[in-house]
Amino acid sequence: MQAIIHGTLLAFGLILPLGVQNIFIFNQGAAHKKLIHASPAIITAGICDSILILLAVQGVSVVVLNFEWLRSLLFIIGFFFLIYMGFVMWRSAPEEKGDSQKQFSARRQIAFAASVSLLNPHAIMDTIGVIGTSSLAYSGQDKWLFTMACIFVSWAWFFSLALLGRGIGQLRNNKVLLKRMNQVSAIIIWMMAAYLILNLF
């Protein structure tokens, strides 16, 4: 039970702060008329987080990130991707409710969700440094329970975030609110990119 509580609280603490991944999932929930249209983004983000958590607990990623050049490469790739992601969010124009799923097709949602999950150096470092290190306190069944608790929180959070976005999206009577939300999201993403490159240098 201690391992489950520990994993749950730790995962919530890591996933709760505003990040690119959270912004993208929320926006997809807000942009689509039905939650199922945002499911490709939700499922992809959940799978990517599950993979990162499993790798962190197994210690595979710790070995890889011991190479300083690889860490720097991840930060540089992440920086340019965040800049690009910000431009996409800024320029994305909300469609009419009946056609909103055209804004991000299932394939595009999968690509973007995977990118914001796997090309985000801070997310990788947090997963490896915090969850991976914390898992060392457990072994056997407790380690498995700790891992599953972290993964469950991740999936539950993404579904809840998209559901919240959808609820807010249903409140709008025109496209102005969603457009402003996208622009605020873009600014936050650019700020994260600047913070990322400053950390590198």
# chains A, B, ... in the order shown; residues from 1 in each chain; ligands from 1
call {"tool": "select_by_dssp", "arguments": {"residues": "region 44-187 of chain A", "states": "alpha helix (DSSP H)", "output": "PyMOL selection string"}}
result
chain A and resi 44-58+60-64+68-91+106-118+121-126+133-134+140-171+176-187
call {"tool": "residues_around", "arguments": {"residues": "Leu52 (chain A)", "least_positions_apart": "5", "cutoff": "12 Å", "atoms": "only C-alpha atoms", "output": "list of chain:residue names"}}
result
A:Ala45, A:Gly46, A:Ile47, A:Val57, A:Gln58, A:Gly59, A:Val60, A:Ser61, A:Val62, A:Ala114, A:Ser117, A:Leu118, A:Leu119, A:Asn120, A:Pro121, A:Ala123, A:Ile124, A:Met125, A:Asp126, A:Thr127, A:Ile128, A:Gly129, A:Val130, A:Ile131, A:Gly132, A:Thr147, A:Cys150, A:Ile151, A:Ser154
call {"tool": "write_last_selection", "arguments": {"atoms": "N, CA, C and O atoms", "output": "mmCIF file, in the first residue's frame"}}
result
data_model
loop_
_atom_site.group_PDB
_atom_site.id
_atom_site.type_symbol
_atom_site.label_atom_id
_atom_site.label_comp_id
_atom_site.auth_asym_id
_atom_site.auth_seq_id
_atom_site.Cartn_x
_atom_site.Cartn_y
_atom_site.Cartn_z
ATOM 1 N N ALA A 45 -0.198 10.055 -25.622
ATOM 2 C CA ALA A 45 0.505 10.633 -24.475
ATOM 3 C C ALA A 45 0.608 9.624 -23.338
ATOM 4 O O ALA A 45 1.650 9.507 -22.688
ATOM 5 N N GLY A 46 -0.473 8.874 -23.100
ATOM 6 C CA GLY A 46 -0.464 7.863 -22.045
ATOM 7 C C GLY A 46 0.546 6.763 -22.316
ATOM 8 O O GLY A 46 1.286 6.347 -21.416
ATOM 9 N N ILE A 47 0.604 6.300 -23.565
ATOM 10 C CA ILE A 47 1.559 5.248 -23.935
ATOM 11 C C ILE A 47 3.001 5.746 -23.793
ATOM 12 O O ILE A 47 3.861 5.037 -23.256
ATOM 13 N N VAL A 57 12.171 3.166 -14.337
ATOM 14 C CA VAL A 57 12.192 2.190 -13.242
ATOM 15 C C VAL A 57 13.207 1.088 -13.521
ATOM 16 O O VAL A 57 13.884 0.612 -12.604
ATOM 17 N N GLN A 58 13.339 0.692 -14.790
ATOM 18 C CA GLN A 58 14.299 -0.350 -15.150
ATOM 19 C C GLN A 58 15.737 0.170 -15.185
ATOM 20 O O GLN A 58 16.678 -0.613 -15.237
ATOM 21 N N GLY A 59 15.872 1.498 -15.174
ATOM 22 C CA GLY A 59 17.211 2.086 -15.135
ATOM 23 C C GLY A 59 17.895 2.189 -16.479
ATOM 24 O O GLY A 59 19.049 2.601 -16.563
ATOM 25 N N VAL A 60 17.180 1.865 -17.558
ATOM 26 C CA VAL A 60 17.788 1.893 -18.892
ATOM 27 C C VAL A 60 18.173 3.314 -19.284
ATOM 28 O O VAL A 60 19.275 3.569 -19.785
ATOM 29 N N SER A 61 17.255 4.259 -19.054
ATOM 30 C CA SER A 61 17.474 5.635 -19.499
ATOM 31 C C SER A 61 18.580 6.329 -18.718
ATOM 32 O O SER A 61 19.235 7.235 -19.230
ATOM 33 N N VAL A 62 18.788 5.932 -17.469
ATOM 34 C CA VAL A 62 19.829 6.564 -16.655
ATOM 35 C C VAL A 62 21.188 6.357 -17.302
ATOM 36 O O VAL A 62 22.022 7.262 -17.357
ATOM 37 N N ALA A 114 3.154 12.407 -29.392
ATOM 38 C CA ALA A 114 4.404 11.659 -29.213
ATOM 39 C C ALA A 114 5.587 12.615 -29.120
ATOM 40 O O ALA A 114 6.501 12.416 -28.302
ATOM 41 N N SER A 117 5.763 14.492 -25.842
ATOM 42 C CA SER A 117 6.060 13.568 -24.748
ATOM 43 C C SER A 117 7.513 13.118 -24.777
ATOM 44 O O SER A 117 8.167 13.049 -23.731
ATOM 45 N N LEU A 118 8.024 12.818 -25.972
ATOM 46 C CA LEU A 118 9.348 12.213 -26.090
ATOM 47 C C LEU A 118 10.456 13.206 -26.450
ATOM 48 O O LEU A 118 11.636 12.875 -26.319
ATOM 49 N N LEU A 119 10.086 14.412 -26.921
ATOM 50 C CA LEU A 119 11.095 15.423 -27.248
ATOM 51 C C LEU A 119 11.143 16.527 -26.202
ATOM 52 O O LEU A 119 11.647 17.614 -26.480
ATOM 53 N N ASN A 120 10.608 16.243 -25.034
ATOM 54 C CA ASN A 120 10.616 17.219 -23.936
ATOM 55 C C ASN A 120 11.676 16.808 -22.919
ATOM 56 O O ASN A 120 11.442 15.925 -22.096
ATOM 57 N N PRO A 121 12.874 17.406 -22.995
ATOM 58 C CA PRO A 121 13.969 16.999 -22.106
ATOM 59 C C PRO A 121 13.616 17.073 -20.630
ATOM 60 O O PRO A 121 14.026 16.217 -19.842
ATOM 61 N N ALA A 123 10.719 16.652 -19.199
ATOM 62 C CA ALA A 123 9.862 15.525 -18.843
ATOM 63 C C ALA A 123 10.694 14.258 -18.687
ATOM 64 O O ALA A 123 10.493 13.466 -17.750
ATOM 65 N N ILE A 124 11.648 14.072 -19.606
ATOM 66 C CA ILE A 124 12.511 12.894 -19.544
ATOM 67 C C ILE A 124 13.368 12.918 -18.285
ATOM 68 O O ILE A 124 13.486 11.915 -17.568
ATOM 69 N N MET A 125 13.960 14.080 -17.994
ATOM 70 C CA MET A 125 14.817 14.208 -16.811
ATOM 71 C C MET A 125 14.017 13.977 -15.527
ATOM 72 O O MET A 125 14.488 13.325 -14.593
ATOM 73 N N ASP A 126 12.798 14.546 -15.481
ATOM 74 C CA ASP A 126 11.962 14.369 -14.286
ATOM 75 C C ASP A 126 11.599 12.904 -14.088
ATOM 76 O O ASP A 126 11.665 12.378 -12.976
ATOM 77 N N THR A 127 11.220 12.259 -15.194
ATOM 78 C CA THR A 127 10.816 10.858 -15.093
ATOM 79 C C THR A 127 11.976 9.989 -14.621
ATOM 80 O O THR A 127 11.842 9.171 -13.712
ATOM 81 N N ILE A 128 13.130 10.207 -15.242
ATOM 82 C CA ILE A 128 14.294 9.393 -14.903
ATOM 83 C C ILE A 128 14.844 9.760 -13.530
ATOM 84 O O ILE A 128 15.086 8.892 -12.688
ATOM 85 N N GLY A 129 15.021 11.066 -13.315
ATOM 86 C CA GLY A 129 15.642 11.516 -12.076
ATOM 87 C C GLY A 129 14.794 11.309 -10.838
ATOM 88 O O GLY A 129 15.308 10.982 -9.772
ATOM 89 N N VAL A 130 13.473 11.509 -10.975
ATOM 90 C CA VAL A 130 12.597 11.435 -9.801
ATOM 91 C C VAL A 130 11.953 10.058 -9.646
ATOM 92 O O VAL A 130 12.127 9.383 -8.635
ATOM 93 N N ILE A 131 11.216 9.641 -10.683
ATOM 94 C CA ILE A 131 10.533 8.344 -10.584
ATOM 95 C C ILE A 131 11.544 7.198 -10.569
ATOM 96 O O ILE A 131 11.434 6.266 -9.772
ATOM 97 N N GLY A 132 12.532 7.277 -11.462
ATOM 98 C CA GLY A 132 13.547 6.233 -11.510
ATOM 99 C C GLY A 132 14.303 6.092 -10.203
ATOM 100 O O GLY A 132 14.504 4.985 -9.696
ATOM 101 N N THR A 147 5.266 1.292 -9.844
ATOM 102 C CA THR A 147 5.275 1.610 -11.273
ATOM 103 C C THR A 147 3.867 1.741 -11.830
ATOM 104 O O THR A 147 3.555 2.693 -12.557
ATOM 105 N N CYS A 150 2.131 4.988 -10.793
ATOM 106 C CA CYS A 150 2.595 6.140 -11.579
ATOM 107 C C CYS A 150 1.940 6.158 -12.959
ATOM 108 O O CYS A 150 1.500 7.203 -13.444
ATOM 109 N N ILE A 151 1.863 5.003 -13.590
ATOM 110 C CA ILE A 151 1.271 4.897 -14.929
ATOM 111 C C ILE A 151 -0.230 5.204 -14.886
ATOM 112 O O ILE A 151 -0.761 5.912 -15.745
ATOM 113 N N SER A 154 -0.911 8.902 -14.636
ATOM 114 C CA SER A 154 -0.639 9.552 -15.913
ATOM 115 C C SER A 154 -1.843 9.438 -16.859
ATOM 116 O O SER A 154 -2.305 10.440 -17.418
#
call {"tool": "closest_residue", "arguments": {"among": "A:Ile51, A:Ala193, A:Ala3, A:Ala11", "to": "Phe152 (chain A)", "atoms": "only C-alpha atoms"}}
result
A:Ala11
call {"tool": "residues_around", "arguments": {"residues": "Ala41 (chain A)", "least_positions_apart": "3", "cutoff": "6 Å", "atoms": "only C-alpha atoms", "output": "list of chain:residue names"}}
result
A:Ala38, A:Thr44, A:Gln109, A:Ile110, A:Ala113
call {"tool": "closest_residue", "arguments": {"among": "A:Ser135, A:Asn27, A:Thr8, A:Gln2", "to": "Val184 (chain A)", "atoms": "only C-alpha atoms"}}
result
A:Asn27
call {"tool": "closest_residue", "arguments": {"among": "A:Ala31, A:Trp90, A:Ile53, A:Pro40", "to": "Leu10 (chain A)", "atoms": "only C-alpha atoms"}}
result
A:Ile53
call {"tool": "closest_residue", "arguments": {"among": "A:Ala194, A:Leu145, A:Val153, A:Val176", "to": "Leu14 (chain A)", "atoms": "only C-alpha atoms"}}
result
A:Val153
call {"tool": "residues_around", "arguments": {"residues": "Met89 (chain A)", "least_positions_apart": "5", "cutoff": "9 Å", "atoms": "only C-alpha atoms", "output": "NGL selection string"}}
result
:A and (24 or 84 or 182-186)
call {"tool": "closest_residue", "arguments": {"among": "A:Ile188, A:Ala137, A:Ala30, A:Val20", "to": "Phe104 (chain A)", "atoms": "only C-alpha atoms"}}
result
A:Ala30
call {"tool": "closest_residue", "arguments": {"among": "A:His32, A:Trp157, A:Ile187, A:Lys143", "to": "Val88 (chain A)", "atoms": "only C-alpha atoms"}}
result
A:Ile187
call {"tool": "decode", "arguments": {"residues": "region 101-120 of chain A", "atoms": "C-alpha atoms", "output": "CSV table (one decimal), in the first residue's frame"}}
result
chain,number,residue,atom,x,y,z
A,101,GLN,CA,-11.8,17.4,-35.7
A,102,LYS,CA,-10.3,18.6,-39.0
A,103,GLN,CA,-8.0,21.0,-37.0
A,104,PHE,CA,-5.9,18.1,-35.8
A,105,SER,CA,-6.5,14.8,-37.6
A,106,ALA,CA,-5.9,11.5,-35.7
A,107,ARG,CA,-2.5,11.1,-37.4
A,108,ARG,CA,-1.4,14.6,-36.6
A,109,GLN,CA,-2.6,14.3,-33.0
A,110,ILE,CA,-0.5,11.1,-32.6
A,111,ALA,CA,2.6,12.8,-34.1
A,112,PHE,CA,2.3,15.9,-31.9
A,113,ALA,CA,1.4,14.0,-28.7
A,114,ALA,CA,4.4,11.7,-29.2
A,115,SER,CA,6.7,14.6,-29.9
A,116,VAL,CA,5.7,16.7,-26.9
A,117,SER,CA,6.1,13.6,-24.7
A,118,LEU,CA,9.3,12.2,-26.1
A,119,LEU,CA,11.1,15.4,-27.2
A,120,ASN,CA,10.6,17.2,-23.9
